[in-house]
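So this block is final27.cif, mmCIF, C-alpha atoms:
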```cif
data_work
#
loop_
_atom_site.label_atom_id
_atom_site.label_comp_id
_atom_site.auth_asym_id
_atom_site.auth_seq_id
_atom_site.Cartn_x
_atom_site.Cartn_y
_atom_site.Cartn_z
CA MET A 1 -0.74 -8.46 -17.28
CA ARG A 2 -2.39 -11.78 -16.42
CA ARG A 3 -5.38 -11.63 -14.08
CA GLN A 4 -5.05 -14.35 -11.45
CA ARG A 5 -7.04 -15.54 -8.46
CA TYR A 6 -6.03 -16.98 -5.09
CA SER A 7 -8.74 -18.67 -3.02
CA THR A 8 -9.02 -18.52 0.75
CA SER A 9 -11.72 -19.69 3.15
CA MET A 10 -12.85 -16.04 3.49
CA GLY A 11 -13.01 -15.18 -0.19
CA ASP A 12 -10.93 -14.90 -3.35
CA ILE A 13 -8.01 -12.52 -3.85
CA VAL A 14 -7.54 -11.13 -7.35
CA TYR A 15 -4.13 -9.99 -8.57
CA TRP A 16 -2.33 -9.18 -11.81
CA VAL A 17 1.10 -10.47 -12.78
CA SER A 18 3.45 -9.99 -15.73
CA ARG A 19 2.48 -12.09 -18.71
CA SER A 20 6.06 -13.23 -19.30
CA GLU A 21 8.67 -13.27 -16.55
CA GLU A 22 12.34 -12.47 -17.18
CA SER A 23 14.66 -14.15 -14.70
CA GLU A 24 17.26 -11.37 -14.85
CA ARG A 25 14.75 -8.70 -13.89
CA PRO A 26 13.62 -7.90 -10.34
CA TRP A 27 10.08 -8.44 -9.10
CA LEU A 28 8.18 -5.30 -8.13
CA VAL A 29 5.15 -6.03 -5.95
CA PHE A 30 2.73 -3.09 -5.68
CA LEU A 31 0.51 -2.87 -2.59
CA PRO A 32 -2.26 -0.22 -2.73
CA GLY A 33 -3.51 1.69 0.29
CA LEU A 34 -6.71 1.28 2.28
CA THR A 35 -9.90 1.35 0.09
CA ALA A 36 -7.72 1.72 -3.05
CA ASP A 37 -7.09 -1.03 -5.60
CA HIS A 38 -4.70 -1.90 -8.44
CA ARG A 39 -5.72 1.23 -10.37
CA LEU A 40 -3.76 3.32 -7.87
CA PHE A 41 -0.53 2.06 -9.48
CA GLU A 42 -1.46 2.19 -13.17
CA LYS A 43 1.17 4.88 -13.86
CA GLN A 44 3.81 2.65 -12.27
CA THR A 45 2.81 -0.64 -13.90
CA ASP A 46 2.70 1.09 -17.30
CA TYR A 47 6.13 2.63 -16.79
CA PHE A 48 7.89 -0.45 -15.41
CA ALA A 49 6.39 -2.91 -17.90
CA GLY A 50 9.36 -4.42 -19.73
CA LYS A 51 11.79 -3.05 -17.14
CA ALA A 52 10.80 -5.40 -14.31
CA ASN A 53 8.54 -8.32 -13.49
CA LEU A 54 5.36 -6.94 -11.90
CA LEU A 55 2.62 -8.00 -9.52
CA VAL A 56 -0.17 -5.81 -8.16
CA TRP A 57 -3.16 -6.95 -6.13
CA ASP A 58 -6.54 -5.87 -4.95
CA ALA A 59 -6.19 -6.54 -1.24
CA PRO A 60 -8.90 -8.65 0.42
CA SER A 61 -12.22 -6.74 0.65
CA HIS A 62 -10.94 -4.23 -1.93
CA GLY A 63 -11.74 -3.77 -5.61
CA GLU A 64 -12.20 -7.10 -7.38
CA SER A 65 -11.23 -9.08 -4.27
CA ARG A 66 -14.84 -8.98 -3.09
CA PRO A 67 -16.92 -10.34 -1.54
CA PHE A 68 -14.41 -11.08 1.21
CA ALA A 69 -15.13 -11.45 4.92
CA LEU A 70 -14.14 -8.29 6.79
CA ASP A 71 -12.34 -10.24 9.48
CA TRP A 72 -8.66 -10.06 8.52
CA SER A 73 -5.60 -8.71 10.31
CA LEU A 74 -2.46 -7.16 8.87
CA ASP A 75 -0.66 -10.46 9.46
CA ASP A 76 -3.39 -12.29 7.54
CA LEU A 77 -2.78 -10.01 4.56
CA ALA A 78 0.97 -10.61 4.78
CA ARG A 79 0.54 -14.39 4.90
CA TRP A 80 -1.85 -14.42 1.94
CA LEU A 81 0.56 -12.23 -0.01
CA HIS A 82 3.35 -14.65 0.84
CA ASP A 83 1.23 -17.55 -0.42
CA ILE A 84 0.55 -15.70 -3.68
CA LEU A 85 4.25 -14.95 -4.22
CA GLU A 86 5.04 -18.60 -3.60
CA GLN A 87 2.27 -19.64 -6.00
CA GLU A 88 3.88 -17.45 -8.70
CA GLY A 89 7.42 -18.59 -7.89
CA ILE A 90 8.47 -15.06 -6.88
CA VAL A 91 11.57 -14.80 -4.68
CA ARG A 92 13.36 -11.71 -3.32
CA PRO A 93 10.60 -9.26 -4.29
CA ILE A 94 10.78 -5.51 -3.91
CA LEU A 95 7.67 -4.47 -1.99
CA ILE A 96 6.24 -1.07 -2.97
CA GLY A 97 3.48 -0.06 -0.59
CA GLN A 98 1.38 3.09 -0.58
CA SER A 99 -0.07 4.11 2.82
CA MET A 100 -1.70 0.90 4.20
CA GLY A 101 0.32 -1.04 1.65
CA GLY A 102 3.47 0.22 3.36
CA TYR A 103 2.24 -1.05 6.73
CA LEU A 104 1.50 -4.39 5.09
CA ALA A 105 5.04 -4.50 3.71
CA GLN A 106 6.44 -3.98 7.21
CA ALA A 107 4.29 -6.79 8.61
CA TYR A 108 5.56 -8.99 5.78
CA LEU A 109 9.17 -8.13 6.63
CA ASP A 110 8.49 -8.97 10.28
CA LEU A 111 6.93 -12.36 9.49
CA PHE A 112 9.29 -13.38 6.70
CA PRO A 113 12.73 -11.93 7.51
CA GLY A 114 15.39 -12.19 4.84
CA GLU A 115 12.94 -12.79 1.98
CA VAL A 116 12.57 -9.24 0.63
CA ALA A 117 15.12 -7.48 -1.59
CA GLY A 118 13.81 -3.95 -1.06
CA PHE A 119 11.02 -1.85 0.43
CA VAL A 120 9.65 1.38 -1.05
CA SER A 121 7.34 3.29 1.30
CA ILE A 122 5.04 5.73 -0.49
CA ASP A 123 3.14 8.07 1.84
CA SER A 124 3.20 5.43 4.56
CA CYS A 125 4.71 5.50 8.04
CA PRO A 126 6.70 3.32 10.44
CA LEU A 127 4.79 0.60 12.26
CA GLN A 128 6.69 0.53 15.56
CA ARG A 129 4.71 1.41 18.68
CA SER A 130 7.19 4.03 19.88
CA TYR A 131 6.19 6.46 17.12
CA TYR A 132 2.55 6.67 18.24
CA SER A 133 0.73 8.25 21.15
CA GLY A 134 -2.11 6.48 22.93
CA TRP A 135 -4.70 9.00 21.76
CA GLU A 136 -3.69 8.51 18.13
CA LEU A 137 -4.25 4.76 18.40
CA ALA A 138 -7.56 5.29 20.20
CA ALA A 139 -8.71 7.62 17.43
CA LEU A 140 -7.90 4.97 14.80
CA ARG A 141 -10.29 2.58 16.53
CA HIS A 142 -13.26 4.95 16.42
CA THR A 143 -13.78 6.17 12.86
CA LYS A 144 -16.85 4.31 11.65
CA LEU A 145 -19.54 6.64 13.00
CA MET A 146 -17.66 9.67 11.76
CA TYR A 147 -17.52 8.25 8.23
CA LEU A 148 -21.17 7.17 8.30
CA SER A 149 -22.26 10.64 9.43
CA ILE A 150 -20.96 12.27 6.23
CA PRO A 151 -23.24 12.22 3.15
CA TRP A 152 -21.82 9.89 0.51
CA LYS A 153 -21.38 12.58 -2.14
CA ALA A 154 -19.46 14.76 0.32
CA LEU A 155 -17.42 11.78 1.54
CA VAL A 156 -16.35 10.95 -2.02
CA ALA A 157 -15.36 14.58 -2.59
CA LEU A 158 -13.40 14.66 0.67
CA GLY A 159 -11.77 11.30 0.02
CA SER A 160 -10.55 12.27 -3.44
CA SER A 161 -9.48 15.84 -2.71
CA GLY A 162 -7.94 14.88 0.63
CA THR A 163 -5.65 12.24 -0.80
CA ALA A 164 -4.59 13.74 -4.13
CA ALA A 165 -3.43 17.15 -5.29
CA SER A 166 -3.75 16.53 -9.04
CA GLU A 167 -6.90 16.17 -11.11
CA TYR A 168 -5.71 12.77 -12.31
CA GLY A 169 -5.08 11.56 -8.75
CA ARG A 170 -8.47 12.81 -7.59
CA ALA A 171 -10.22 11.20 -10.55
CA VAL A 172 -8.61 7.81 -9.86
CA MET A 173 -9.52 7.96 -6.17
CA ARG A 174 -13.07 9.04 -6.97
CA GLU A 175 -13.44 6.17 -9.44
CA MET A 176 -12.22 3.63 -6.88
CA MET A 177 -14.45 4.99 -4.12
CA LEU A 178 -17.57 4.91 -6.29
CA ASP A 179 -17.14 1.16 -6.79
CA TYR A 180 -18.30 0.76 -3.17
CA GLU A 181 -21.63 1.36 -1.57
CA LYS A 182 -21.37 3.94 1.21
CA ARG A 183 -21.75 1.50 4.14
CA GLU A 184 -19.33 -0.97 2.57
CA TYR A 185 -16.74 1.79 2.14
CA CYS A 186 -17.19 3.09 5.69
CA GLU A 187 -16.95 -0.37 7.21
CA LEU A 188 -13.83 -1.19 5.19
CA ALA A 189 -12.11 2.06 6.15
CA ALA A 190 -12.99 1.64 9.83
CA HIS A 191 -11.82 -1.99 9.84
CA GLY A 192 -8.53 -1.00 8.19
CA TYR A 193 -7.82 1.66 10.80
CA ARG A 194 -8.57 -0.80 13.62
CA VAL A 195 -6.28 -3.36 12.02
CA LEU A 196 -3.53 -0.75 11.84
CA ALA A 197 -3.99 0.17 15.51
CA ASP A 198 -3.87 -3.52 16.48
CA ALA A 199 -0.65 -4.03 14.52
CA VAL A 200 1.01 -1.03 16.16
CA ASP A 201 -0.22 -2.06 19.62
CA ALA A 202 1.33 -5.52 19.11
CA ASN A 203 4.61 -3.72 19.82
CA ARG A 204 6.72 -5.96 17.61
CA PRO A 205 10.14 -4.99 16.23
CA TYR A 206 9.01 -4.63 12.59
CA ARG A 207 12.67 -4.54 11.64
CA ILE A 208 13.44 -3.54 8.06
CA ASP A 209 16.21 -5.85 6.90
CA CYS A 210 16.49 -4.59 3.31
CA PRO A 211 17.23 -1.30 1.52
CA LEU A 212 14.55 1.27 2.34
CA LEU A 213 13.32 4.10 0.11
CA ILE A 214 10.94 6.58 1.78
CA LEU A 215 8.77 8.80 -0.41
CA CYS A 216 6.22 11.31 0.85
CA GLY A 217 4.19 14.04 -0.83
CA GLU A 218 4.99 17.57 0.33
CA LYS A 219 1.24 18.21 0.52
CA ASP A 220 0.41 14.92 2.26
CA GLY A 221 -2.31 15.86 4.73
CA ALA A 222 -3.27 12.35 5.84
CA GLY A 223 -3.08 12.23 9.63
CA SER A 224 0.45 12.92 10.85
CA ALA A 225 2.21 11.27 7.90
CA LYS A 226 4.79 14.02 7.43
CA ARG A 227 5.66 14.10 11.13
CA TYR A 228 6.01 10.32 11.27
CA ASN A 229 8.23 10.31 8.19
CA ARG A 230 10.53 12.97 9.62
CA ALA A 231 10.87 10.90 12.80
CA TRP A 232 11.44 7.74 10.73
CA GLU A 233 14.20 9.45 8.74
CA LYS A 234 15.92 10.61 11.92
CA ARG A 235 15.80 7.18 13.57
CA VAL A 236 16.77 4.87 10.69
CA GLY A 237 18.97 7.23 8.67
CA SER A 238 17.09 6.75 5.39
CA PRO A 239 16.28 10.17 3.92
CA VAL A 240 12.71 11.07 3.07
CA HIS A 241 12.35 12.06 -0.56
CA TRP A 242 9.70 14.78 -0.52
CA ILE A 243 7.61 14.75 -3.69
CA GLU A 244 6.99 18.37 -4.67
CA GLY A 245 3.36 19.26 -5.31
CA ALA A 246 2.07 15.80 -4.36
CA GLY A 247 -0.51 14.79 -1.78
CA HIS A 248 -1.04 11.48 0.01
CA ASN A 249 -1.25 9.56 -3.27
CA SER A 250 2.04 10.97 -4.53
CA ASN A 251 2.55 8.17 -7.05
CA CYS A 252 -0.64 9.37 -8.78
CA ASP A 253 0.02 13.10 -8.40
CA LYS A 254 3.64 13.02 -9.57
CA PRO A 255 4.20 9.67 -11.27
CA ASP A 256 7.27 10.78 -13.22
CA ALA A 257 9.10 11.88 -10.07
CA VAL A 258 8.10 8.74 -8.15
CA ASN A 259 8.97 6.42 -11.03
CA ALA A 260 12.37 8.07 -11.46
CA LEU A 261 13.19 7.64 -7.77
CA ILE A 262 12.14 4.00 -7.77
CA LYS A 263 14.17 3.35 -10.90
CA HIS A 264 17.25 5.13 -9.56
CA TYR A 265 17.28 3.58 -6.10
CA VAL A 266 15.93 0.11 -6.84
CA LEU A 267 16.32 -0.73 -10.50
CA ALA A 268 19.46 1.05 -11.65
CA ARG A 269 21.62 -2.08 -11.64
CA TYR A 270 19.03 -4.02 -13.66
CA ASP A 271 17.91 -1.42 -16.20
CA GLY A 272 20.10 -0.66 -19.15
CA ASP A 273 18.11 2.38 -20.28
#
```

Now that the file is in, can you turn its structure into C-alpha cells?
Amino acid sequence: MRRQRYSTSMGDIVYWVSRSEESERPWLVFLPGLTADHRLFEKQTDYFAGKANLLVWDAPSHGESRPFALDWSLDDLARWLHDILEQEGIVRPILIGQSMGGYLAQAYLDLFPGEVAGFVSIDSCPLQRSYYSGWELAALRHTKLMYLSIPWKALVALGSSGTAASEYGRAVMREMMLDYEKREYCELAAHGYRVLADAVDANRPYRIDCPLLILCGEKDGAGSAKRYNRAWEKRVGSPVHWIEGAGHNSNCDKPDAVNALIKHYVLARYDGD
C-alpha cells in the first residue's frame, strides 16, 4: 500500500491506500479505534488486498499522525476523512470502523448523507443520544485522572488484556500502546472519550442511510458495548453478529470470522472467489 500524507493546520494525517486501484472493485475504508492505529487492521488489509481497493488511516493524534494538536472533534475527523477520500478520488466507500472508528463512521454518515455505500460496525455502538444515560456521558468526561493514576506497565497490561482475548490481539494492542508516552496516551484517551460524549450530547439524528453490518465480540467487556448492540439490533432491525471467543478487538481476535462476514455481506457481488 502507498503511504500518503494529508496536511491540516493542526498537523499531518498519514494514511495508506492501495497501490493500484481497480474501478470495478469497492473501496473499503478502515477506521481504527481510540489510541489504535492502522496495525489494528493488518489481518483485514492483508486478506482483502486484491479483492477490494483499500484505505486505512492513523487518525489525528494517533500512530504516525503525530504530532497533532489534541483539539479535534468527531466532526473534524469526519471532515478530514472526507477531504482525504476526495483527494484520492474515492466515491461510495464502505466504512469499516472499530470502536471509535464506528462512531466516526456515523458522524461521517450524518455530515455527508448519501455518499457511503456501506457501514460495518466492529465492536462499536450507536451514536444517538437516546441510547445513553446521563451518568454514562458524565463518566466519559472524567477519565484522565483515573488513567494517570495507574502505573504505565499496569495500564499497558490492562489495555491489551481488556481489549483482546487472543495473544495476537493483545500483542498488537500492546505494541500500539507502547508507541506512546504514558501522559500522551492518557491525554489522548481522555480527549477521545470527551469527544464521544460531546457527539452523543449533540443529539443529532445520526441516520444510517446505507446497509449496516454489526459485529461484536462475545467477550467484549468494553463499557456497555454488548448492551448497546442488543438495543441497536432491536431498534434498527440489523442483527448483531456475535464473534465467538472474541473481545473488543474482534477483528484481531478472530480475523477469519470477521473477514468472512465482511466478504459475505459487503463484497459478495464483487468477489468472484

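Of the listed residues A:Asn251, A:Gln128, A:Ser7, A:Ser23, the one whose atoms come nearest to Asn203 in chain A is A:Gln128, with distances taken using only C-alpha atoms.
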
* To do: For the file shown, report as a PyMOL selection string the outcome of the PyMOL selection byres ((chain A and resi 175) around 12) at residue level.
  => chain A and resi 35-40+63+156-157+159-160+168-174+176-180

* **Residue members of the PyMOL selection byres ((chain A and resi 122-126) around 7) in the file shown, as number ranges by chain** => A: 97-100, 102-103, 120-121, 127-128, 214-217, 225, 228-229, 232, 248-249

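This file, queried with the PyMOL selection byres ((chain A and resi 68-84) around 6), gives the residues Met10, Gly11, Ser61, Arg66, Pro67, Leu85, Glu86, Gln87, Tyr108 and Val195 of chain A.
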
* To do: Check the smallest atom-to-atom distance from each of A:Cys186, A:Val14, A:Val240, A:Ala59 to Ser149 in chain A using only C-alpha atoms, then report the winner.
  => A:Cys186

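Considering the residues A:Phe30, A:Tyr6, A:Tyr132, A:Trp16 and counting only C-alpha atoms, Pro60 in chain A has its shortest atom-to-atom contact with A:Tyr6.
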
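Across the model, the gap from CA of Gly221 in chain A to CA of Gly162 in chain A is 7.0 Å.
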
* Mind checking which residues fall within 6 Å of Pro93 in chain A, counting all atoms listed in the file, ignoring those fewer than 5 positions away in the same chain, and posting them as an NGL selection string? => :A and (27 or 116-117)

* To do: Fewer than 4 positions away in the same chain doesn't count, so skip those; otherwise give me all residues within 12 Å of Ala49 in chain A, counting only C-alpha atoms, as a list in words.
  =>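 Near neighbours after the sequence-gap exclusion: Met1, Val17, Ser18, Arg19, Ser20, Glu21, Glu22, Arg25, Pro26, Trp27, Leu28, Phe41, Glu42, Lys43, Gln44, Thr45, Asn53, Leu54, Leu55, Asn259 and Asp271 of chain A.
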
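Closest approach to Val258 in chain A from the set A:Leu196, A:Ala105, A:Leu213, A:Ala231 is made by A:Leu213, with distances taken over only C-alpha atoms.
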
* Measure the distance from CA of Leu34 in chain A to CA of Asp58 in chain A in Å and round it to one decimal. => 10.2 Å

* Residue neighbourhood Leu148 in chain A, 8 Å, only C-alpha atoms, exclusion window fewer than 3 positions, as a list in words -> Lys144, Leu145, Pro151, Lys182, Arg183 and Cys186 of chain A

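Distance check against His142 in chain A using all atoms listed in the file: of A:Ala164, A:Arg194, A:Phe119, A:Arg92, the minimum falls on A:Arg194.
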
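CA of Trp57 in chain A is positioned 7.7 Å from CA of Ile13 in chain A.
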
* Which residue, A:Lys226, A:Arg141, A:Glu218, A:Gln4, has the smallest gap to Ala190 in chain A when you use only C-alpha atoms? ->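 Between A:Lys226, A:Arg141, A:Glu218, A:Gln4, the residue approaching Ala190 in chain A most closely is A:Arg141.
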
Kindly compute an axis-aligned box around the listed atoms of range 122-137 of chain A, allowing 4 Å on each side, and express its centre and edge lengths in Å to one decimal as lines of an AutoDock Vina configuration file.
```
center_x = 1.2
center_y = 4.8
center_z = 11.2
size_x = 19.9
size_y = 16.5
size_z = 31.4
```

Take range 39-61 of chain A, bring it up to N, CA, C and O atoms, and give me the output as a CSV table (one decimal), in the frame of the given file.
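Ended up saving to part32.csv:
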```
chain,number,residue,atom,x,y,z
A,39,ARG,N,-5.7,0.0,-9.5
A,39,ARG,CA,-5.7,1.2,-10.4
A,39,ARG,C,-4.9,2.3,-9.8
A,39,ARG,O,-4.4,3.2,-10.5
A,40,LEU,N,-4.6,2.3,-8.5
A,40,LEU,CA,-3.8,3.3,-7.9
A,40,LEU,C,-2.4,3.3,-8.5
A,40,LEU,O,-1.7,4.4,-8.5
A,41,PHE,N,-1.9,2.2,-9.0
A,41,PHE,CA,-0.5,2.1,-9.5
A,41,PHE,C,-0.5,2.0,-11.0
A,41,PHE,O,0.6,1.5,-11.5
A,42,GLU,N,-1.5,2.4,-11.7
A,42,GLU,CA,-1.5,2.2,-13.2
A,42,GLU,C,-0.3,3.0,-13.8
A,42,GLU,O,0.3,2.5,-14.8
A,43,LYS,N,0.1,4.1,-13.3
A,43,LYS,CA,1.2,4.9,-13.9
A,43,LYS,C,2.5,4.2,-13.6
A,43,LYS,O,3.5,4.4,-14.4
A,44,GLN,N,2.6,3.4,-12.5
A,44,GLN,CA,3.8,2.6,-12.3
A,44,GLN,C,3.9,1.4,-13.1
A,44,GLN,O,4.9,1.0,-13.7
A,45,THR,N,2.8,0.6,-13.2
A,45,THR,CA,2.8,-0.6,-13.9
A,45,THR,C,3.0,-0.4,-15.4
A,45,THR,O,3.7,-1.1,-16.1
A,46,ASP,N,2.5,0.7,-15.9
A,46,ASP,CA,2.7,1.1,-17.3
A,46,ASP,C,4.2,1.4,-17.5
A,46,ASP,O,4.8,1.0,-18.5
A,47,TYR,N,4.7,2.2,-16.6
A,47,TYR,CA,6.1,2.6,-16.8
A,47,TYR,C,7.1,1.5,-16.7
A,47,TYR,O,8.1,1.4,-17.4
A,48,PHE,N,6.9,0.6,-15.7
A,48,PHE,CA,7.9,-0.4,-15.4
A,48,PHE,C,7.7,-1.7,-16.2
A,48,PHE,O,8.5,-2.6,-16.1
A,49,ALA,N,6.6,-1.8,-17.0
A,49,ALA,CA,6.4,-2.9,-17.9
A,49,ALA,C,7.6,-3.0,-18.8
A,49,ALA,O,8.0,-2.1,-19.5
A,50,GLY,N,8.2,-4.2,-18.9
A,50,GLY,CA,9.4,-4.4,-19.7
A,50,GLY,C,10.7,-4.1,-19.0
A,50,GLY,O,11.7,-4.5,-19.5
A,51,LYS,N,10.6,-3.4,-17.9
A,51,LYS,CA,11.8,-3.0,-17.1
A,51,LYS,C,11.9,-4.0,-15.9
A,51,LYS,O,13.0,-4.2,-15.4
A,52,ALA,N,10.8,-4.5,-15.5
A,52,ALA,CA,10.8,-5.4,-14.3
A,52,ALA,C,9.6,-6.4,-14.4
A,52,ALA,O,8.7,-6.2,-15.2
A,53,ASN,N,9.7,-7.4,-13.7
A,53,ASN,CA,8.5,-8.3,-13.5
A,53,ASN,C,7.6,-7.7,-12.5
A,53,ASN,O,8.1,-7.1,-11.5
A,54,LEU,N,6.3,-7.7,-12.7
A,54,LEU,CA,5.4,-6.9,-11.9
A,54,LEU,C,4.2,-7.8,-11.3
A,54,LEU,O,3.8,-8.7,-12.0
A,55,LEU,N,3.8,-7.5,-10.1
A,55,LEU,CA,2.6,-8.0,-9.5
A,55,LEU,C,1.9,-6.9,-8.8
A,55,LEU,O,2.6,-6.1,-8.0
A,56,VAL,N,0.6,-6.8,-8.9
A,56,VAL,CA,-0.2,-5.8,-8.2
A,56,VAL,C,-1.5,-6.5,-7.8
A,56,VAL,O,-2.0,-7.3,-8.5
A,57,TRP,N,-1.9,-6.3,-6.6
A,57,TRP,CA,-3.2,-7.0,-6.1
A,57,TRP,C,-4.2,-6.0,-5.7
A,57,TRP,O,-4.0,-4.8,-5.5
A,58,ASP,N,-5.5,-6.5,-5.7
A,58,ASP,CA,-6.5,-5.9,-5.0
A,58,ASP,C,-6.6,-6.6,-3.6
A,58,ASP,O,-6.9,-7.8,-3.6
A,59,ALA,N,-6.2,-5.9,-2.6
A,59,ALA,CA,-6.2,-6.5,-1.2
A,59,ALA,C,-7.6,-7.1,-0.9
A,59,ALA,O,-8.6,-6.7,-1.4
A,60,PRO,N,-7.6,-8.1,0.0
A,60,PRO,CA,-8.9,-8.6,0.4
A,60,PRO,C,-9.9,-7.5,0.8
A,60,PRO,O,-9.5,-6.6,1.5
A,61,SER,N,-11.1,-7.7,0.4
A,61,SER,CA,-12.2,-6.7,0.6
A,61,SER,C,-12.1,-5.5,-0.2
A,61,SER,O,-12.9,-4.5,0.0
```
